[in-house]
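First the structure, in the form of structure tokens, and then the observations on it.
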Amino acid sequence: MEKVVFSSWDGKIFDNRQGTEDAVKTELPLGIPSPQKGGEVAAIVSWNGIIVNKPQADVVGLLIAYLQEARKLSCGECSVCSLGIDEALLIIEGIRNGSSSSAELKRLEGIVALVRENAKCSFGRVAALSPLADALEYFEADFTNCAKEGGDKGTLRYQSWVGAPCMQACPAGIDIPGYLELIKNGRFLDSLNLVRERCVLPGVIGRACTNPCESACVRGTLDAPLAIRLLKRYVADAELANGGGILPTNEAKEEKVAIVGAGPAGLAAAFYLRRFGYGVTIFEALPKAGGMAAFGIPDYRLPKDILNYEVDLIKRMGVEIKLNTKIDKLDWQGLQASGYKALYLAVGAHAGTKMGCEGEDTVAPDFVQGVDFLRELVLGKAVKQRGKVAIIGGGNVAMDCARNCLRLGFEEVIVVYRRSETEMPASSTEIKEAKEEGVKFEFLKAPVKIVRKDGKLVGIECISMELGAPDESGRRRPIPIKGSETMFAIDMVIAATGQKPELEFAAKAGLAISDWGLIKVDEQNQVTNIAGVFAGGDCVTGAATLIEALASGRQVALAIDAYLKGEVFSRLPDIDWGDARQQHDKGFVVKIPRQETAHLAIEERSKSYEEVERGLDAAAARAEASRCLRCYRLVVWA
Amino acid sequence: MIKFKIDGRTVEGKEGSTVLENAQALFIDIPTLCYHPELSPFGACRLCTVDVKTNAAWHLTAACETPIEENMEVVTNSERVEEARKLAAALLYRRYPKTKAIVDIANKLGVTDDEVPPKDDERECILCGLCVRTCREIVGVQALTIHDRGLGRELEQAKIDFKADACIGCGSCAYVCPTSFVKMEDYGNKRVIWNKAFTMAACSVCGRYFVPEEQLEFIAKKTKTPLQDLLICTSCR
């Protein structure tokens with residue numbers, strides 16, 4: 001939509017309804033699909049303004065649609081917003097069917113102004129009645145005409161979108177203001193079930209998520225972001241502490257789906273498919289389910305009983321998980337012969353990438369890939385090395401390896417990273433806790449040679465780096481300084497510079513794989529080049545986050561459901577509705593400090609694998625959840 | 001102590017106290033409905049609206065929920081403030097035209113509305129949350145919770161949820177309810193509240209049925225007092 005007839009988007013007014021100005025190309029939300037088949041979008045009514053594309057658009061009808069959707073989001077706690085919306089609906093519906101005169105609109109002015117300034121939450125103030133302000137100012141003629149015409153105009157077909165800055169940032173689209181509100185009101189189980197609509201491992205995510213939602217939280221600009229992750233953890237832990245729960249399924253369907261990989265992507269797909277009623281079998285190569293959550297995240301960050309409980313819940317739904325069952329060769333025909341109607345490949349990215357360092361091809365107990373090191377620890381393999389260990393890399397895998405080494409009793413643990421601390425991809429909490437525990441850091445250094453004496457690793461030669469211009473990742477590129485090589489005396493080296501998927505099993509099956517070594521899938525429905533074979537998670541995106549894998553698993557479950565029903569999967573389009581953080585919030589928000597979690601004392605930490613982050617208690621959880629401003633934003637279009 | 005201005009007067013108030021608490025201490029009349037001095041503020045009725053200025057701009061806000069800040073300016077009696085309160089009252093009146101507490105406040109604030117939709121209900125729940133807060137904060141059980149509308153919750157109207165097995169029948173909610181929506185009825189040795197029936201205990205001195213057994217059990221457990229010691233009604237004690 002480039003040329004419009006009217007726009008008040010972002011407070012900038014453009015009015016060409018009289019046709020006097022040249023249609024102007026404005027920065028408006030693009031790619032909006034029309035709810036009318038094959039038609040163009042006629043108009044948009046949103047928290048951020050009204051846009052009219054076609055002069056004959058039924059703006060009054062769309063305003064009613066907006067209010068009907070807003071009513072569902074208005075929690076009902078403060079009277080002005082919920083009663084204000086009902087009053088507005090009464091008046092405007094009356095005008096639309098001709099039973100009221102447009103003079104009634106006068107009463108709305110005061111109500112709109114009151115709610116925009118004095119509603120209890122951000123939704124009330126910013127979204128509930130805000131388009132009415134523009135409607136009252138610029139669309140009086142539409143109201144008058146409606147009132148004059150009268151009669152039953154029928155219901156308008158429209159589409160709607162609800163979001164919030166935190167929801168936009170969450171790859172899984174969890175209803176964050178919703179679950180926080182349920183915690184605020186003490187409805188912990190309801191909150192947990194709401195989270196489960198989008199995220200099936202809340203206990204895991206509540207500890208190990210990178211929480212992009214918190215970076216987007218509007219309160220971040222006011223006092224401190226909501227502790228969204230810790231609140232998710234709270235409700236997950238509460239269920240387990242209360243003896244656990246049951247996950248419901250629907251009527252059983254005939255079709256069976258096979259999944260390769262019981263990591264977060266596979267488990268999520270299994271959960272949603274099983275809930276639809278499909279039979280689900282997961283083939284997992286390792287002795288435990290959980291993928292990176294089981295074999296990548298150490299106990300001091302994610303106690304195994306939490307993951308085991310959440311996997312168990314999924315198994316008890318009737319999902320079959322075949323452990324120790326590696327698929328060496330992808331045989332889709334064979335699986336189909338066994339009755340599987342669809343296949344989801346979710347094998348993850350478990351092979352460590354090369355560092356580009358001389359001597360790294362010699363595999364030995366004193367030189368390992370970080371992901372292998374972590375996996376073998378979980379599998380119970382003893383680590384015989386001690387002394388000084390150097391971990392190469394700056395991500396969370398490097399941090400996990402470093403902190404594990406401390407707990408194993410290495411004399412000195414050094415993380416060697418080729419950029420500076422600012423560019424480290426690891427989460428700031430991880431870096432902070434690693435430093436507190438005594439991990440040493442060598443920045444702007446990269447290994448060039450692994451030095452062995454009589455077959456034993458004695459050191460690594462590192463070259464110093466300086467930072468140049470940014471590369472594709474946006475971070476400054478490290479440039480080696482000639483002649484700056486230095487030697488570090490080291491007993492063990494762990495490489496943690498990246499992970500990629502192992503796809504040899506699919507080599508002969510004709511599966512399309514990209515130049516980056518990732519499985520190629522259709523963006524809309526995640527199907528590969530083989531009909532009925534889908535893929536998702538790290539094996540498609542490259543090493544990414546847990547929450548992205550969980551989101552992918554859910555999307556694929558919806559796509560497979562459509563596929564098995566013979567329907568075309570239409571995924572909700574990713575419309576860029578602009579920055580939902582646009583506040584225009586006229587309210588007075590009181591600053592309240594964030595509830596913090598206690599941590600295990602530093603002296604205790606390196607002695608054990610006990611969980612470092614202690615979590616919030618019920619009172620702190622409710623108090624923290626009460627800080628949520630409910631920044632729901634609403635758009636309707638027809 | 002925090003220095004701030006209210007209606008042109010420079011005064012001092014305790015750190016952490018709200019605008020409403022200070023106004024009441026200064027005998028400045030601000031209407032309230034969902035507020036109770038013993039309970040945490042809820043900000044539902046918006047009748048205690050005042051105008052406050054902290055940095056540059058003036059904002060309408062609920063006095064019950066707003067802590068005082070150094071150099072804050074508060075106005076409780078401007079036309080803007082009165083209009084805001086009147087409008088909030090008018091919205092409530094249109095929804096609950098027969099409920100006495102609402103009629104009283106509407107009259108007090110000068111709401112004149114003859115075109116109110118007809119209604120018969122006198123004792124309605126106005127979602128003030130006093131019962132919920134009392135049950136949780138004073139009594140210490142969680143028999144009442146708010147069930148809000150929200151994404152995916154498909155509730156036509158927000159409501160108060162009652163959890164029967166947590167309720168001890170104390171009647172504190174009926175006591176604080178401003179609209180008599182919460183009904184408590186005692187018939188002989190039975191009490192019915194929120195549709196839950198309780199058996200009442202009799203006073204060991206005068207024989208009057210005075211308290212639900214469940215409430216006594218709750219108090220006995222909480223205060224570690226033997227049940228027998230509690231079986232004396234307030235008149236006989």
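Just remember, in the structure tokens the first chain shown is A, the second B, etc., residues are 1-based per chain, and ligands are 1-based in the order shown.
All chain A residues having an atom within 8 Å of chain B, based on only C-alpha atoms, amount to Lys72, Leu73, Ser74, Cys75, Gly76, Glu77, Cys78, Ser79, Val80, Leu83, Gly84, Glu87, Gly110, Ile111, Leu114, Glu117, Asn118, Ala119, Lys120, Asp175, Gly178, Asn185, Gly186, Lys586, Gly587, Phe588 and Val590 of chain A.
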Give me, as a list of chain:residue names, all polymer residues having an atom no more than 10 Å from Ala23 (chain B), counting only C-alpha atoms and skipping those fewer than 2 positions away in the same chain.
B:Ile6, B:Asp7, B:Gly13, B:Thr18, B:Val19, B:Leu20, B:Glu21, B:Ala25, B:Leu26, B:Phe27, B:Ile28, B:Asp29, B:Ile30, B:Ala63, B:Cys64, B:Val74, B:Thr76
At a cut-off of 8 Å, using only C-alpha atoms, what residues contact Leu62 (chain A)? Leave out same-chain residues fewer than 6 positions from it and give the result as a ChimeraX atom specification.
/A:43-45,156,158,636-638
C-alpha atoms of the current selection, written as a compact mmCIF listing (two decimals), in the first residue's frame:
```txt
# COMPACT_ATOMS: atom_id res chain seq x y z
CA ALA A 43 -8.64 0.54 5.30
CA ILE A 44 -6.70 -0.04 8.50
CA VAL A 45 -7.69 1.05 12.00
CA LEU A 156 -17.77 -6.42 8.04
CA TYR A 158 -11.97 -8.13 8.79
CA VAL A 636 -7.82 -4.37 12.34
CA TRP A 637 -8.05 -4.17 8.59
CA ALA A 638 -10.53 -4.95 5.84
```
Can you list every residue in region 138-376 of chain A that DSSP puts in strand (DSSP E or B), as a PDB file with N, CA and C atoms, in the first residue's frame?
```pdb
ATOM      1  N   GLN A 159      -9.729  -8.652   9.442  1.00  0.00           N
ATOM      2  CA  GLN A 159      -8.687  -9.424  10.128  1.00  0.00           C
ATOM      3  C   GLN A 159      -8.094  -8.546  11.211  1.00  0.00           C
ATOM      4  N   SER A 160      -7.520  -9.210  12.199  1.00  0.00           N
ATOM      5  CA  SER A 160      -6.964  -8.426  13.300  1.00  0.00           C
ATOM      6  C   SER A 160      -5.604  -8.959  13.696  1.00  0.00           C
ATOM      7  N   TRP A 161      -4.854  -8.125  14.327  1.00  0.00           N
ATOM      8  CA  TRP A 161      -3.539  -8.483  14.854  1.00  0.00           C
ATOM      9  C   TRP A 161      -3.405  -7.875  16.234  1.00  0.00           C
ATOM     10  N   VAL A 162      -2.924  -8.672  17.162  1.00  0.00           N
ATOM     11  CA  VAL A 162      -2.653  -8.163  18.507  1.00  0.00           C
ATOM     12  C   VAL A 162      -1.192  -8.423  18.794  1.00  0.00           C
ATOM     13  N   GLY A 163      -0.495  -7.456  19.292  1.00  0.00           N
ATOM     14  CA  GLY A 163       0.905  -7.675  19.650  1.00  0.00           C
ATOM     15  C   GLY A 163       1.273  -6.783  20.803  1.00  0.00           C
ATOM     16  N   LYS A 256       0.049 -41.103  11.489  1.00  0.00           N
ATOM     17  CA  LYS A 256       1.238 -41.109  12.340  1.00  0.00           C
ATOM     18  C   LYS A 256       2.290 -40.197  11.722  1.00  0.00           C
ATOM     19  N   VAL A 257       3.030 -39.525  12.596  1.00  0.00           N
ATOM     20  CA  VAL A 257       4.112 -38.662  12.130  1.00  0.00           C
ATOM     21  C   VAL A 257       5.407 -39.122  12.770  1.00  0.00           C
ATOM     22  N   ALA A 258       6.481 -39.113  11.981  1.00  0.00           N
ATOM     23  CA  ALA A 258       7.794 -39.468  12.514  1.00  0.00           C
ATOM     24  C   ALA A 258       8.633 -38.208  12.668  1.00  0.00           C
ATOM     25  N   ILE A 259       9.403 -38.171  13.747  1.00  0.00           N
ATOM     26  CA  ILE A 259      10.279 -37.022  13.997  1.00  0.00           C
ATOM     27  C   ILE A 259      11.676 -37.554  14.270  1.00  0.00           C
ATOM     28  N   VAL A 260      12.686 -36.927  13.663  1.00  0.00           N
ATOM     29  CA  VAL A 260      14.055 -37.333  13.951  1.00  0.00           C
ATOM     30  C   VAL A 260      14.681 -36.249  14.811  1.00  0.00           C
ATOM     31  N   GLY A 279      -0.610 -39.720  15.928  1.00  0.00           N
ATOM     32  CA  GLY A 279       0.375 -40.592  16.551  1.00  0.00           C
ATOM     33  C   GLY A 279       1.747 -40.006  16.266  1.00  0.00           C
ATOM     34  N   VAL A 280       2.630 -40.002  17.263  1.00  0.00           N
ATOM     35  CA  VAL A 280       3.948 -39.400  17.066  1.00  0.00           C
ATOM     36  C   VAL A 280       5.027 -40.328  17.581  1.00  0.00           C
ATOM     37  N   THR A 281       6.063 -40.540  16.761  1.00  0.00           N
ATOM     38  CA  THR A 281       7.245 -41.291  17.197  1.00  0.00           C
ATOM     39  C   THR A 281       8.468 -40.430  16.957  1.00  0.00           C
ATOM     40  N   ILE A 282       9.294 -40.274  17.987  1.00  0.00           N
ATOM     41  CA  ILE A 282      10.547 -39.529  17.826  1.00  0.00           C
ATOM     42  C   ILE A 282      11.696 -40.527  17.858  1.00  0.00           C
ATOM     43  N   PHE A 283      12.596 -40.406  16.866  1.00  0.00           N
ATOM     44  CA  PHE A 283      13.807 -41.229  16.840  1.00  0.00           C
ATOM     45  C   PHE A 283      14.947 -40.370  17.350  1.00  0.00           C
ATOM     46  N   GLU A 320       5.794 -41.391  21.509  1.00  0.00           N
ATOM     47  CA  GLU A 320       6.783 -42.459  21.657  1.00  0.00           C
ATOM     48  C   GLU A 320       8.165 -41.881  21.364  1.00  0.00           C
ATOM     49  N   ILE A 321       9.084 -42.016  22.304  1.00  0.00           N
ATOM     50  CA  ILE A 321      10.458 -41.552  22.057  1.00  0.00           C
ATOM     51  C   ILE A 321      11.366 -42.769  22.061  1.00  0.00           C
ATOM     52  N   LYS A 322      11.957 -43.047  20.906  1.00  0.00           N
ATOM     53  CA  LYS A 322      12.880 -44.199  20.813  1.00  0.00           C
ATOM     54  C   LYS A 322      14.300 -43.670  20.996  1.00  0.00           C
ATOM     55  N   TYR A 340       4.052 -44.052   8.457  1.00  0.00           N
ATOM     56  CA  TYR A 340       4.189 -42.629   8.773  1.00  0.00           C
ATOM     57  C   TYR A 340       3.776 -41.789   7.573  1.00  0.00           C
ATOM     58  N   LYS A 341       2.944 -40.780   7.848  1.00  0.00           N
ATOM     59  CA  LYS A 341       2.431 -39.969   6.751  1.00  0.00           C
ATOM     60  C   LYS A 341       3.222 -38.673   6.575  1.00  0.00           C
ATOM     61  N   ALA A 342       4.018 -38.317   7.551  1.00  0.00           N
ATOM     62  CA  ALA A 342       4.836 -37.109   7.444  1.00  0.00           C
ATOM     63  C   ALA A 342       6.083 -37.311   8.288  1.00  0.00           C
ATOM     64  N   LEU A 343       7.140 -36.587   7.936  1.00  0.00           N
ATOM     65  CA  LEU A 343       8.419 -36.725   8.635  1.00  0.00           C
ATOM     66  C   LEU A 343       8.962 -35.336   8.947  1.00  0.00           C
ATOM     67  N   TYR A 344       9.462 -35.152  10.166  1.00  0.00           N
ATOM     68  CA  TYR A 344      10.041 -33.872  10.555  1.00  0.00           C
ATOM     69  C   TYR A 344      11.479 -34.111  10.978  1.00  0.00           C
ATOM     70  N   LEU A 345      12.421 -33.479  10.263  1.00  0.00           N
ATOM     71  CA  LEU A 345      13.825 -33.610  10.612  1.00  0.00           C
ATOM     72  C   LEU A 345      14.211 -32.464  11.538  1.00  0.00           C
ATOM     73  N   ALA A 351      27.716 -30.666  15.652  1.00  0.00           N
ATOM     74  CA  ALA A 351      29.122 -30.872  15.285  1.00  0.00           C
ATOM     75  C   ALA A 351      29.870 -29.555  15.425  1.00  0.00           C
ATOM     76  N   GLY A 352      30.917 -29.559  16.202  1.00  0.00           N
ATOM     77  CA  GLY A 352      31.692 -28.341  16.392  1.00  0.00           C
ATOM     78  C   GLY A 352      32.406 -27.926  15.110  1.00  0.00           C
ATOM     79  N   GLU A 358      46.289 -24.542  13.225  1.00  0.00           N
ATOM     80  CA  GLU A 358      47.153 -25.680  12.877  1.00  0.00           C
ATOM     81  C   GLU A 358      47.143 -26.706  14.005  1.00  0.00           C
ATOM     82  N   ALA A 364      42.344 -35.837  20.148  1.00  0.00           N
ATOM     83  CA  ALA A 364      42.979 -36.438  21.335  1.00  0.00           C
ATOM     84  C   ALA A 364      42.172 -36.031  22.546  1.00  0.00           C
ATOM     85  N   PHE A 367      42.374 -32.334  23.362  1.00  0.00           N
ATOM     86  CA  PHE A 367      41.843 -31.309  22.468  1.00  0.00           C
ATOM     87  C   PHE A 367      40.471 -31.756  21.994  1.00  0.00           C
ATOM     88  N   VAL A 368      39.440 -31.104  22.453  1.00  0.00           N
ATOM     89  CA  VAL A 368      38.073 -31.534  22.106  1.00  0.00           C
ATOM     90  C   VAL A 368      37.233 -30.369  21.622  1.00  0.00           C
ATOM     91  N   GLN A 369      36.166 -30.708  20.929  1.00  0.00           N
ATOM     92  CA  GLN A 369      35.161 -29.726  20.567  1.00  0.00           C
ATOM     93  C   GLN A 369      34.271 -29.500  21.789  1.00  0.00           C
TER      94      GLN A 369
END
```
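Between Pro37 (chain B) and the candidates B:Val139, B:Leu130, B:Ile160, B:Val103, the tightest atom-to-atom separation, counting only C-alpha atoms, involves B:Leu130.
The spacing separating CA of Met184 (chain B) from CA of Ile102 (chain B) amounts to 21.0 Å.
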Would you please extract all alpha helix (DSSP H) residues from region 104-258 of chain A, as assigned by DSSP on the backbone, and give them as a count of residues only?
83
For Lys222 (chain B): contacts at 12 Å, only C-alpha atoms, fewer than 5 positions along chain excluded, given as number ranges by chain:
B: 139-141, 215-217, 227
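From CA of Lys435 (chain A) back to CA of Gly387 (chain A), the distance works out to 18.6 Å.
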